[in-house]
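Q: Next comes input-v5.cif, mmCIF, C-alpha atoms:
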```
data_query
loop_
_atom_site.label_atom_id
_atom_site.label_comp_id
_atom_site.auth_asym_id
_atom_site.auth_seq_id
_atom_site.Cartn_x
_atom_site.Cartn_y
_atom_site.Cartn_z
CA MET N 12 -19.68 21.35 58.87
CA GLY N 13 -16.09 22.59 58.42
CA ILE N 14 -13.20 20.58 57.07
CA GLU N 15 -11.50 20.92 60.47
CA ASP N 16 -14.18 18.60 61.89
CA LEU N 17 -12.54 15.78 59.95
CA ARG N 18 -9.76 15.68 62.55
CA SER N 19 -12.18 14.45 65.22
CA ALA N 20 -13.88 11.96 62.87
CA VAL N 21 -10.91 9.59 62.39
CA ARG N 22 -8.06 8.11 64.38
CA GLY N 23 -5.51 8.50 61.57
CA SER N 24 -3.67 11.70 60.75
CA VAL N 25 -5.43 14.57 58.96
CA LEU N 26 -3.49 17.24 57.09
CA LEU N 27 -5.10 20.48 55.93
CA ALA N 28 -3.85 23.34 53.79
CA GLY N 29 -1.28 25.28 55.81
CA ASP N 30 -0.02 22.24 57.71
CA ALA N 31 3.71 21.68 57.31
CA ALA N 32 3.47 18.30 55.55
CA PHE N 33 0.32 19.01 53.53
CA GLU N 34 1.93 19.79 50.16
CA GLN N 35 4.10 16.68 50.22
CA ALA N 36 1.27 14.43 51.37
CA SER N 37 -1.09 15.63 48.64
CA ARG N 38 1.42 15.13 45.83
CA PRO N 39 0.77 12.20 43.44
CA TRP N 40 3.35 9.83 41.96
CA ASN N 41 3.44 11.88 38.77
CA VAL N 42 4.54 15.19 40.26
CA ALA N 43 3.54 17.01 37.05
CA VAL N 44 -0.10 16.52 38.10
CA ALA N 45 -1.40 19.21 40.46
CA GLN N 46 -3.86 18.09 43.14
CA SER N 47 -5.75 20.83 44.94
CA VAL N 48 -7.43 18.80 47.69
CA ALA N 49 -9.17 19.97 50.83
CA ALA N 50 -7.53 17.43 53.13
CA VAL N 51 -5.26 14.41 53.19
CA VAL N 52 -6.17 11.57 55.55
CA GLU N 53 -3.71 8.81 56.34
CA VAL N 54 -6.24 6.30 57.63
CA ALA N 55 -5.34 4.03 60.52
CA ASP N 56 -7.59 1.14 59.49
CA ALA N 57 -10.72 0.16 57.55
CA GLN N 58 -12.97 1.76 60.16
CA ASP N 59 -11.24 5.07 59.50
CA VAL N 60 -12.18 4.69 55.82
CA ALA N 61 -15.80 4.20 56.87
CA ASP N 62 -15.65 7.25 59.13
CA VAL N 63 -14.19 9.41 56.33
CA LEU N 64 -16.99 8.39 53.98
CA GLN N 65 -19.66 9.04 56.56
CA TYR N 66 -18.18 12.48 57.20
CA ALA N 67 -17.97 13.20 53.46
CA GLY N 68 -21.60 12.23 52.97
CA ARG N 69 -22.69 14.68 55.67
CA ALA N 70 -20.37 17.45 54.45
CA GLY N 71 -21.12 17.05 50.74
CA ARG N 72 -17.53 16.27 49.79
CA ARG N 73 -15.96 13.68 47.52
CA VAL N 74 -13.44 11.06 48.63
CA VAL N 75 -10.53 9.93 46.45
CA THR N 76 -8.16 7.10 47.37
CA GLN N 77 -4.58 6.96 46.15
CA PRO N 78 -2.62 4.24 47.93
CA THR N 79 0.58 5.08 46.01
CA GLY N 80 -0.51 8.08 43.94
CA HIS N 81 -0.24 6.29 40.59
CA GLY N 82 -2.86 7.17 37.97
CA ALA N 83 -3.69 10.60 39.39
CA THR N 84 -5.51 13.01 37.05
CA GLY N 85 -5.59 16.19 39.12
CA ASP N 86 -9.34 16.61 38.71
CA ILE N 87 -10.12 16.30 42.41
CA ASP N 88 -10.37 19.89 43.65
CA GLU N 89 -11.64 20.23 47.23
CA SER N 90 -11.89 16.45 47.64
CA ILE N 91 -10.66 14.47 50.62
CA LEU N 92 -7.61 12.47 49.58
CA VAL N 93 -7.27 9.18 51.45
CA ARG N 94 -3.88 7.50 51.80
CA THR N 95 -3.92 3.86 52.87
CA GLY N 96 -0.28 3.08 53.64
CA ALA N 97 -1.22 1.78 57.08
CA LEU N 98 -3.42 -0.93 55.54
CA ASN N 99 -0.32 -2.95 54.71
CA HIS N 100 -1.13 -6.43 56.00
CA LEU N 101 -0.03 -9.26 53.74
CA GLU N 102 -0.90 -12.93 54.12
CA ILE N 103 -0.05 -15.76 51.72
CA ASP N 104 -1.55 -19.22 51.93
CA ALA N 105 0.95 -21.17 49.84
CA GLU N 106 -1.02 -24.40 49.99
CA ARG N 107 -4.19 -22.78 48.61
CA ARG N 108 -2.20 -20.38 46.41
CA VAL N 109 -4.08 -17.38 47.74
CA ALA N 110 -2.94 -13.94 48.88
CA ARG N 111 -4.81 -11.48 51.12
CA VAL N 112 -3.42 -7.96 51.05
CA GLY N 113 -4.42 -4.60 52.43
CA THR N 114 -4.94 -1.74 50.02
CA GLY N 115 -1.67 -0.12 51.05
CA VAL N 116 0.46 -3.03 49.79
CA GLN N 117 2.68 -2.66 46.74
CA TRP N 118 3.38 -5.44 44.25
CA GLY N 119 7.04 -5.71 45.21
CA ALA N 120 6.08 -6.86 48.71
CA VAL N 121 3.66 -9.49 47.37
CA GLN N 122 6.18 -10.85 44.90
CA ALA N 123 8.94 -11.08 47.50
CA VAL N 124 6.85 -13.32 49.77
CA ALA N 125 5.23 -15.30 46.95
CA ALA N 126 8.64 -16.05 45.42
CA GLU N 127 9.63 -17.93 48.57
CA HIS N 128 6.94 -20.48 47.69
CA GLY N 129 7.55 -20.64 43.93
CA LEU N 130 4.43 -18.53 43.33
CA THR N 131 3.60 -15.22 41.69
CA GLY N 132 0.82 -12.70 41.55
CA LEU N 133 -0.17 -11.12 38.24
CA SER N 134 1.90 -8.03 38.88
CA GLY N 135 2.98 -5.26 36.56
CA SER N 136 6.50 -4.26 35.63
CA ASN N 137 7.08 -1.81 38.50
CA PRO N 138 7.31 -3.15 42.09
CA MET N 139 6.24 0.22 43.53
CA VAL N 140 2.75 0.11 41.98
CA GLY N 141 -0.03 -0.62 44.46
CA VAL N 142 -1.90 -3.91 44.18
CA THR N 143 -5.33 -2.35 44.62
CA GLY N 144 -5.37 0.42 42.01
CA TYR N 145 -3.63 -1.78 39.45
CA THR N 146 -6.12 -4.61 39.96
CA LEU N 147 -9.24 -2.43 40.00
CA GLY N 148 -8.22 -1.14 36.57
CA GLY N 149 -7.72 -4.64 35.17
CA GLY N 150 -3.96 -4.99 35.51
CA PHE N 151 -1.72 -6.56 32.91
CA GLY N 152 2.01 -7.18 32.98
CA TRP N 153 4.52 -9.86 32.11
CA PHE N 154 2.27 -12.77 33.09
CA ALA N 155 -0.96 -11.59 31.46
CA ARG N 156 -0.57 -13.46 28.18
CA LYS N 157 -0.46 -16.70 30.17
CA TYR N 158 -2.90 -16.01 33.00
CA GLY N 159 -4.98 -13.01 31.90
CA TRP N 160 -6.03 -9.88 33.75
CA ALA N 161 -5.08 -9.48 37.40
CA ALA N 162 -8.68 -8.42 38.08
CA ASN N 163 -9.98 -11.84 37.06
CA ALA N 164 -7.76 -13.52 39.64
CA VAL N 165 -9.60 -11.79 42.50
CA ARG N 166 -11.66 -13.99 44.83
CA ALA N 167 -13.01 -11.34 47.19
CA PHE N 168 -12.89 -7.66 48.11
CA GLU N 169 -13.25 -6.09 51.53
CA ILE N 170 -14.91 -2.74 50.87
CA VAL N 171 -16.50 0.32 52.40
CA ASP N 172 -19.47 1.62 50.42
CA ALA N 173 -20.45 5.23 49.81
CA GLY N 174 -22.57 5.24 52.95
CA GLY N 175 -19.66 4.14 55.13
CA GLN N 176 -20.80 0.53 55.53
CA ARG N 177 -18.17 -2.21 55.46
CA GLY N 178 -18.67 -5.50 53.63
CA ARG N 179 -17.09 -8.48 51.92
CA ILE N 180 -17.86 -8.75 48.20
CA THR N 181 -17.68 -12.03 46.27
CA ALA N 182 -19.28 -13.50 43.17
CA ASP N 183 -21.94 -15.03 45.41
CA SER N 184 -22.59 -12.19 47.84
CA ASP N 185 -22.92 -9.35 45.33
CA PRO N 186 -22.29 -10.43 41.71
CA GLU N 187 -22.90 -7.00 40.14
CA LEU N 188 -20.48 -5.10 42.39
CA PHE N 189 -17.96 -7.95 42.20
CA TRP N 190 -18.11 -7.74 38.40
CA ALA N 191 -17.65 -3.95 38.41
CA LEU N 192 -14.69 -3.97 40.81
CA ARG N 193 -12.82 -6.49 38.68
CA GLY N 194 -11.52 -4.08 36.06
CA GLY N 195 -14.12 -1.29 36.16
CA GLY N 196 -11.99 1.08 38.23
CA GLY N 197 -12.44 2.34 41.78
CA ASP N 198 -15.65 4.31 41.33
CA PHE N 199 -18.05 2.02 43.21
CA ALA N 200 -16.61 1.47 46.69
CA ILE N 201 -13.35 1.94 48.55
CA VAL N 202 -11.47 -1.34 48.69
CA THR N 203 -9.58 -2.01 51.90
CA GLU N 204 -8.41 -5.57 51.17
CA ILE N 205 -8.17 -7.93 48.19
CA GLU N 206 -8.01 -11.71 48.18
CA PHE N 207 -6.64 -13.16 44.94
CA ASP N 208 -5.17 -16.27 43.37
CA LEU N 209 -1.46 -16.85 43.05
CA PHE N 210 0.08 -18.92 40.27
CA PRO N 211 2.93 -21.42 40.15
CA LEU N 212 6.17 -19.96 38.84
CA PRO N 213 9.08 -22.14 39.89
CA GLN N 214 11.31 -20.77 37.11
CA LEU N 215 11.51 -17.51 35.15
CA TYR N 216 13.91 -16.24 32.50
CA GLY N 217 14.06 -12.70 31.20
CA GLY N 218 15.91 -9.45 30.83
CA ARG N 219 16.78 -6.65 28.44
CA VAL N 220 19.10 -6.50 25.44
CA THR N 221 20.08 -3.00 24.29
CA TRP N 222 21.57 -1.68 21.04
CA SER N 223 22.32 1.76 19.59
CA ALA N 224 19.50 3.38 17.63
CA GLU N 225 21.12 2.31 14.34
CA ARG N 226 19.81 -1.18 15.09
CA THR N 227 16.20 -0.05 15.56
CA ARG N 228 14.87 -1.62 12.38
CA ASP N 229 16.72 -4.89 13.10
CA ALA N 230 15.28 -4.95 16.62
CA PHE N 231 11.79 -4.26 15.31
CA ASP N 232 12.03 -7.03 12.71
CA LEU N 233 13.12 -9.44 15.44
CA PHE N 234 10.35 -8.22 17.74
CA THR N 235 7.82 -8.96 14.99
CA GLU N 236 9.37 -12.38 14.45
CA LEU N 237 9.40 -13.31 18.13
CA THR N 238 5.85 -12.15 18.83
CA THR N 239 4.08 -13.50 15.75
CA ASP N 240 3.91 -17.06 17.06
CA ALA N 241 5.05 -16.59 20.66
CA PRO N 242 3.74 -19.08 23.21
CA PRO N 243 1.64 -17.45 25.96
CA GLU N 244 4.52 -17.96 28.39
CA LEU N 245 6.64 -15.44 26.43
CA SER N 246 6.02 -11.67 26.49
CA VAL N 247 8.25 -9.23 24.58
CA TRP N 248 8.32 -5.43 24.67
CA LEU N 249 10.13 -3.19 22.20
CA GLN N 250 11.56 -0.04 23.80
CA ARG N 251 12.97 3.00 22.01
CA TYR N 252 14.71 5.47 24.34
CA GLN N 253 15.92 9.02 24.01
CA ILE N 254 17.25 10.01 27.42
CA PRO N 255 18.39 13.67 27.53
CA GLY N 256 22.15 13.92 27.17
CA LEU N 257 22.54 10.32 25.96
CA ALA N 258 22.59 8.71 22.55
CA PRO N 259 19.27 7.11 21.45
CA THR N 260 18.94 3.37 21.97
CA VAL N 261 16.59 0.49 21.25
CA ALA N 262 15.94 -2.50 23.50
CA LEU N 263 13.98 -5.72 23.59
CA ASP N 264 12.65 -6.66 27.03
CA PHE N 265 11.15 -10.06 27.64
CA ALA N 266 9.97 -12.52 30.25
CA TYR N 267 9.55 -16.25 29.77
CA LEU N 268 7.56 -18.21 32.34
CA GLY N 269 9.40 -21.49 32.37
CA ASP N 270 12.74 -23.28 32.25
CA PRO N 271 15.63 -20.87 31.55
CA ASP N 272 17.07 -23.23 28.93
CA GLU N 273 13.76 -23.12 27.04
CA GLY N 274 13.70 -19.34 27.38
CA ARG N 275 17.22 -19.03 26.01
CA GLU N 276 16.31 -21.22 23.05
CA LEU N 277 13.17 -19.22 22.29
CA THR N 278 15.07 -15.92 22.37
CA GLN N 279 18.45 -16.99 20.99
CA ARG N 280 17.86 -14.85 17.89
CA LEU N 281 18.61 -11.81 20.05
CA ASP N 282 22.26 -12.70 19.52
CA THR N 283 21.93 -12.34 15.73
CA ILE N 284 21.88 -8.53 16.00
CA ASP N 285 25.43 -7.21 16.30
CA GLY N 286 26.54 -4.41 18.55
CA ILE N 287 24.87 -5.30 21.87
CA LEU N 288 25.48 -2.48 24.34
CA ALA N 289 23.96 -4.10 27.42
CA ASP N 290 22.52 -7.52 28.20
CA THR N 291 20.71 -8.44 31.44
CA ARG N 292 19.31 -11.82 30.36
CA GLY N 293 19.22 -14.46 33.08
CA ALA N 294 17.20 -16.59 35.47
CA LEU N 295 14.94 -14.53 37.73
CA THR N 296 12.53 -15.00 40.61
CA PRO N 297 9.10 -13.30 40.73
CA ALA N 298 10.60 -10.88 43.26
CA GLN N 299 13.08 -9.70 40.61
CA ILE N 300 10.55 -8.99 37.87
CA GLY N 301 11.08 -5.24 38.22
CA GLN N 302 14.68 -5.64 37.14
CA ILE N 303 13.66 -6.29 33.53
CA THR N 304 12.53 -2.75 32.72
CA ALA N 305 14.18 -1.04 35.73
CA GLU N 306 11.51 1.65 35.81
CA PRO N 307 11.84 4.63 38.18
CA THR N 308 10.90 3.79 41.76
CA ASP N 309 10.64 7.40 42.94
CA PRO N 310 7.96 9.96 42.05
CA SER N 311 8.81 11.99 38.94
CA PRO N 312 7.12 14.24 36.32
CA SER N 313 5.86 12.73 33.07
CA LEU N 314 3.34 12.87 30.25
CA SER N 315 2.01 9.65 28.74
CA ARG N 316 -0.32 8.29 26.10
CA GLY N 317 -1.43 4.69 25.60
CA GLU N 318 -3.23 3.06 22.67
CA LEU N 319 -3.96 -0.36 21.21
CA LEU N 320 -2.52 -1.28 17.80
CA THR N 321 -4.31 -3.40 15.22
CA ASP N 322 -1.12 -4.37 13.37
CA LEU N 323 2.53 -3.55 12.74
CA GLY N 324 2.14 -2.50 9.11
CA ASP N 325 3.92 0.14 7.06
CA ALA N 326 2.22 3.12 8.73
CA VAL N 327 3.25 1.85 12.15
CA VAL N 328 6.83 1.28 11.02
CA LYS N 329 7.09 4.74 9.46
CA THR N 330 5.65 6.46 12.53
CA LEU N 331 7.03 4.46 15.46
CA ILE N 332 10.22 2.88 14.12
CA ASP N 333 11.72 5.03 11.37
CA ALA N 334 10.96 8.45 12.88
CA PRO N 335 13.16 9.83 15.70
CA THR N 336 12.14 9.08 19.28
CA ALA N 337 12.75 12.70 20.40
CA PRO N 338 11.12 14.77 21.78
CA LEU N 339 9.72 11.74 23.61
CA LEU N 340 11.66 9.76 26.19
CA ASN N 341 10.23 6.38 25.28
CA ILE N 342 8.19 4.62 22.61
CA GLN N 343 7.11 1.18 23.82
CA ILE N 344 5.27 -1.59 21.97
CA ARG N 345 4.04 -4.65 23.90
CA ASN N 346 2.72 -7.87 22.45
CA LEU N 347 -0.70 -8.86 23.80
CA GLY N 348 -2.86 -11.82 22.81
CA GLY N 349 -2.92 -15.11 24.66
CA ALA N 350 -5.22 -15.11 27.69
CA LEU N 351 -5.83 -11.35 27.32
CA ALA N 352 -7.80 -12.02 24.15
CA GLU N 353 -9.95 -14.78 25.63
CA ALA N 354 -13.52 -14.08 26.73
CA ARG N 355 -14.35 -15.42 30.20
CA PRO N 356 -17.97 -16.02 31.18
CA ASP N 357 -16.98 -15.49 34.82
CA GLY N 358 -14.74 -12.51 34.07
CA GLY N 359 -15.09 -8.98 35.34
CA ALA N 360 -15.70 -5.64 33.67
CA ARG N 361 -12.31 -5.75 31.98
CA GLY N 362 -13.21 -7.97 29.02
CA PRO N 363 -10.95 -9.41 26.34
CA VAL N 364 -8.70 -7.32 24.11
CA SER N 365 -8.59 -8.37 20.47
CA GLU N 366 -5.79 -6.02 19.42
CA PRO N 367 -2.42 -7.83 19.23
CA TYR N 368 -0.21 -4.97 20.44
CA ALA N 369 -0.23 -2.07 22.90
CA LEU N 370 1.55 1.26 22.40
CA TYR N 371 2.82 3.43 25.23
CA LEU N 372 4.37 6.87 24.72
CA LEU N 373 6.24 8.76 27.45
CA GLY N 374 7.73 12.23 27.65
CA LEU N 375 8.65 15.03 30.02
CA PRO N 376 6.38 18.06 30.49
CA ASN N 377 7.78 21.20 28.89
CA PRO N 378 6.54 24.79 28.49
CA SER N 379 6.47 24.58 24.68
CA GLY N 380 4.08 21.64 24.69
CA GLU N 381 6.13 19.79 22.06
CA VAL N 382 5.59 16.40 23.75
CA ARG N 383 1.81 16.72 23.62
CA THR N 384 2.09 17.96 20.04
CA ARG N 385 4.16 14.90 19.16
CA PHE N 386 1.59 12.63 20.80
CA GLY N 387 -1.05 14.14 18.54
CA GLN N 388 1.09 13.78 15.44
CA ILE N 389 1.73 10.10 16.17
CA ILE N 390 -1.93 9.35 16.82
CA ASP N 391 -2.97 11.15 13.63
CA ALA N 392 -0.34 9.32 11.58
CA LEU N 393 -1.39 5.92 12.91
CA GLY N 394 -5.01 6.61 11.96
CA PRO N 395 -6.96 3.34 11.56
CA HIS N 396 -4.09 1.33 13.01
CA ILE N 397 -5.25 2.34 16.50
CA THR N 398 -8.73 1.59 17.76
CA GLY N 399 -9.22 4.34 20.34
CA ALA N 400 -10.00 1.70 22.95
CA LYS N 401 -7.43 1.07 25.66
CA PRO N 402 -6.91 -0.63 29.02
CA TYR N 403 -8.11 1.44 31.99
CA THR N 404 -4.56 1.61 33.35
CA PHE N 405 -3.40 3.23 30.07
CA LEU N 406 -5.69 6.24 30.56
CA ALA N 407 -3.92 9.57 31.07
CA PRO N 408 -5.06 12.89 32.58
CA GLY N 409 -7.68 14.49 30.36
CA GLU N 410 -8.99 11.18 29.02
CA SER N 411 -12.33 9.59 29.83
CA ALA N 412 -13.09 6.15 31.22
CA ALA N 413 -15.33 5.73 28.18
CA ALA N 414 -12.20 4.89 26.16
CA ALA N 415 -11.59 1.82 28.31
CA PHE N 416 -14.96 0.10 27.83
CA ASP N 417 -17.39 -0.81 25.09
CA PRO N 418 -20.73 1.06 25.25
CA GLU N 419 -22.63 -1.85 26.82
CA THR N 420 -20.05 -2.34 29.57
CA LEU N 421 -19.86 1.40 30.25
CA ALA N 422 -23.64 1.66 30.56
CA ARG N 423 -23.71 -1.24 33.00
CA LEU N 424 -20.92 0.34 35.07
CA ARG N 425 -22.76 3.65 35.17
CA ASN N 426 -25.93 1.96 36.34
CA ILE N 427 -24.02 0.28 39.16
CA LYS N 428 -22.43 3.59 40.12
CA GLN N 429 -25.83 5.32 40.20
CA ALA N 430 -27.31 2.55 42.34
CA ARG N 431 -24.40 2.32 44.79
CA ASP N 432 -23.28 5.95 45.01
CA PRO N 433 -26.02 8.26 43.67
CA HIS N 434 -24.48 11.35 45.26
CA GLY N 435 -20.98 10.70 43.90
CA VAL N 436 -19.23 10.58 47.27
CA ILE N 437 -16.54 8.24 45.90
CA ARG N 438 -14.49 9.36 42.94
CA ALA N 439 -12.02 7.23 41.00
CA ASN N 440 -9.11 8.77 39.12
CA PHE N 441 -11.11 8.10 35.95
CA PRO N 442 -14.80 8.05 36.94
CA VAL N 443 -17.26 6.09 34.85
CA HIS N 444 -20.09 8.53 35.57
CA GLY N 445 -18.67 11.54 33.78
#
```
Would you encode the structure as structure tokens?
A:
Amino acid sequence: MGIEDLRSAVRGSVLLAGDAAFEQASRPWNVAVAQSVAAVVEVADAQDVADVLQYAGRAGRRVVTQPTGHGATGDIDESILVRTGALNHLEIDAERRVARVGTGVQWGAVQAVAAEHGLTGLSGSNPMVGVTGYTLGGGFGWFARKYGWAANAVRAFEIVDAGGQRGRITADSDPELFWALRGGGGDFAIVTEIEFDLFPLPQLYGGRVTWSAERTRDAFDLFTELTTDAPPELSVWLQRYQIPGLAPTVALDFAYLGDPDEGRELTQRLDTIDGILADTRGALTPAQIGQITAEPTDPSPSLSRGELLTDLGDAVVKTLIDAPTAPLLNIQIRNLGGALAEARPDGGARGPVSEPYALYLLGLPNPSGEVRTRFGQIIDALGPHITGAKPYTFLAPGESAAAAFDPETLARLRNIKQARDPHGVIRANFPVHG
């Protein structure tokens, strides 16, 4: 069975090597990651997903889904890459506080509609990130300290299994698969629709305050102060930037879920650091949440590394605060805790995180490899102050899903994978089975 036969198996478009648009269609969000796939299928609907999987089972090929291309690892040679942009239906039941979205929907679209009803989903910081991939990996952003993982807000999944059979998965219909899909990654079935809870958010206050790098220690001290006893409604991120051609800066980003006057009072100490270069603080709607960090909304090249921090002691200060940011673009520290640290008997595979802070490092690929070298130096210097565990969505190319789960959870996920997809037809960006 040749790959050309895929064209007659689905109603959506199929691009093969040599087709004019193939290279562009196969490119992930991080354009530094090379994807050598056999075909790209832009499915027309959920039945097309089923037909692709049935074809792949007969042809002995793997199927990878990338709704937006985020989280790509490049380790998918000769696979069939499925794009789901056409599965973009979005329904919000404001009275029940429930959203139903197709797997092609991005968080910005959800937040825009939810905001009209004073509601929010548990989105991340970038409106261009897809709801499905983010949620399957757990998903934590500005609202996670208050409401927990996005995965635990899911009520139901519409899926296609490895054999090409469609189904609706809930806690009652299939508790094991439901558990795995809520934070265990996309290795068990292809999700075509998610139904999840929305949360009341009539008011929101947040923004970014930026200073020159000379104020880095002052900003860090204030970050420590603000996050030590922060209510779960308040999340604060420290950002150190070294943009090529510009002077280094430091910023504190924050979001407060509540009355703007209360948010201003909680964060008024930001004004005690002199020399503010930029200040975007103000009242926001859930639809404007992406304005806080103003992350890139177009595909770009990057290298990243994420870890969890046990503390902000002297070794952390020396390595992350006192040392130069370069050759990295960004050193980010987020406060965690709150609902993220709480165990839930009815929760999914993404369990609680006990570490109080998360670290995210970002750089540009370069021939000399100095960014990767700097990653290694930072990790070595932090030593016991990082645990090696990390959220699934913090995994980077070359890392294993084993870093995202404790041994018991990983074993359970692998058993589910073996039972549901013994031939490995479906492959997540970070597979649990290898």
Q: Applied to this file, what does the PyMOL selection byres ((chain N and resi 61) around 7) return in terms of residues, put as a list of chain:residue names?
A: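 Taken over the shown coordinates, the PyMOL selection byres ((chain N and resi 61) around 7) returns N:Ala57, N:Gln58, N:Asp59, N:Val60, N:Asp62, N:Val63, N:Leu64, N:Gln65, N:Val171, N:Gly175, N:Gln176, N:Arg177.
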Q: If you count only C-alpha atoms, which residues fall within 12 Å of Ala430 of chain N, apart from same-chain ones fewer than 4 positions away, as a PDB file with C-alpha atoms, in the coordinates of the input?
A:
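Contents of the output file out14.pdb:
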```pdb
ATOM      1  CA  ASP N 172     -19.470   1.620  50.420  1.00  0.00           C
ATOM      2  CA  ALA N 173     -20.450   5.230  49.810  1.00  0.00           C
ATOM      3  CA  GLY N 174     -22.570   5.240  52.950  1.00  0.00           C
ATOM      4  CA  GLU N 187     -22.900  -7.000  40.140  1.00  0.00           C
ATOM      5  CA  LEU N 188     -20.480  -5.100  42.390  1.00  0.00           C
ATOM      6  CA  ASP N 198     -15.650   4.310  41.330  1.00  0.00           C
ATOM      7  CA  PHE N 199     -18.050   2.020  43.210  1.00  0.00           C
ATOM      8  CA  ALA N 200     -16.610   1.470  46.690  1.00  0.00           C
ATOM      9  CA  ARG N 423     -23.710  -1.240  33.000  1.00  0.00           C
ATOM     10  CA  LEU N 424     -20.920   0.340  35.070  1.00  0.00           C
ATOM     11  CA  ARG N 425     -22.760   3.650  35.170  1.00  0.00           C
ATOM     12  CA  ASN N 426     -25.930   1.960  36.340  1.00  0.00           C
ATOM     13  CA  HIS N 434     -24.480  11.350  45.260  1.00  0.00           C
ATOM     14  CA  GLY N 435     -20.980  10.700  43.900  1.00  0.00           C
ATOM     15  CA  HIS N 444     -20.090   8.530  35.570  1.00  0.00           C
TER      16      HIS N 444
END
```
Q: Taking the point (-14.3, 18.6, 60.7) as given in the file, collect each protein or nucleic acid residue that comes within 12 Å of it, counting all atoms listed in the file, and present the set as a list in words.
A: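 The answer, in the requested form, is Met12, Gly13, Ile14, Glu15, Asp16, Leu17, Arg18, Ser19, Ala20, Val21, Val25, Leu26, Leu27, Ala49, Ala50, Val52, Asp62, Val63, Gln65, Tyr66, Ala67, Arg69, Ala70, Arg72 and Ile91 of chain N.
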Q: Store the residues picked out above in a file with C-alpha atoms, as an mmCIF file, in the coordinates of the input.
A:
```cif
data_model
loop_
_atom_site.group_PDB
_atom_site.id
_atom_site.type_symbol
_atom_site.label_atom_id
_atom_site.label_comp_id
_atom_site.auth_asym_id
_atom_site.auth_seq_id
_atom_site.Cartn_x
_atom_site.Cartn_y
_atom_site.Cartn_z
ATOM 1 C CA MET N 12 -19.680 21.350 58.870
ATOM 2 C CA GLY N 13 -16.090 22.590 58.420
ATOM 3 C CA ILE N 14 -13.200 20.580 57.070
ATOM 4 C CA GLU N 15 -11.500 20.920 60.470
ATOM 5 C CA ASP N 16 -14.180 18.600 61.890
ATOM 6 C CA LEU N 17 -12.540 15.780 59.950
ATOM 7 C CA ARG N 18 -9.760 15.680 62.550
ATOM 8 C CA SER N 19 -12.180 14.450 65.220
ATOM 9 C CA ALA N 20 -13.880 11.960 62.870
ATOM 10 C CA VAL N 21 -10.910 9.590 62.390
ATOM 11 C CA VAL N 25 -5.430 14.570 58.960
ATOM 12 C CA LEU N 26 -3.490 17.240 57.090
ATOM 13 C CA LEU N 27 -5.100 20.480 55.930
ATOM 14 C CA ALA N 49 -9.170 19.970 50.830
ATOM 15 C CA ALA N 50 -7.530 17.430 53.130
ATOM 16 C CA VAL N 52 -6.170 11.570 55.550
ATOM 17 C CA ASP N 62 -15.650 7.250 59.130
ATOM 18 C CA VAL N 63 -14.190 9.410 56.330
ATOM 19 C CA GLN N 65 -19.660 9.040 56.560
ATOM 20 C CA TYR N 66 -18.180 12.480 57.200
ATOM 21 C CA ALA N 67 -17.970 13.200 53.460
ATOM 22 C CA ARG N 69 -22.690 14.680 55.670
ATOM 23 C CA ALA N 70 -20.370 17.450 54.450
ATOM 24 C CA ARG N 72 -17.530 16.270 49.790
ATOM 25 C CA ILE N 91 -10.660 14.470 50.620
#
```
Q: Check which residues satisfy the PyMOL selection byres ((chain N and resi 210) around 8) in the file shown, then give them as a PyMOL selection string.
A: chain N and resi 108+130-132+208-209+211-212
Q: When the PyMOL selection byres ((chain N and resi 392) around 12) is applied to the file above, which residues end up in the set, as JSON, numbers by chain?
A: {"N": [325, 326, 327, 328, 329, 330, 331, 334, 385, 386, 387, 388, 389, 390, 391, 393, 394, 395, 396, 397]}
Q: How far is it from atom CA of Glu366 of chain N to atom CA of Glu353 of chain N, in Å with one decimal?
A: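 Going from atom CA of Glu366 of chain N over to atom CA of Glu353 of chain N covers 11.5 Å.
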Q: Pick out the closest residue to Thr203 of chain N from this set: N:Ala105, N:Ala352, N:Val93, N:Ala161. Count all atoms listed in the file.
A: N:Val93
Q: Atom CA of Arg316 of chain N to atom CA of Gly374 of chain N: how many Å, to one decimal?
A: 9.1 Å
Q: Please report the interatomic distance between atom CA of Leu288 of chain N and atom CA of Tyr252 of chain N in Å with one decimal.
A: 13.4 Å
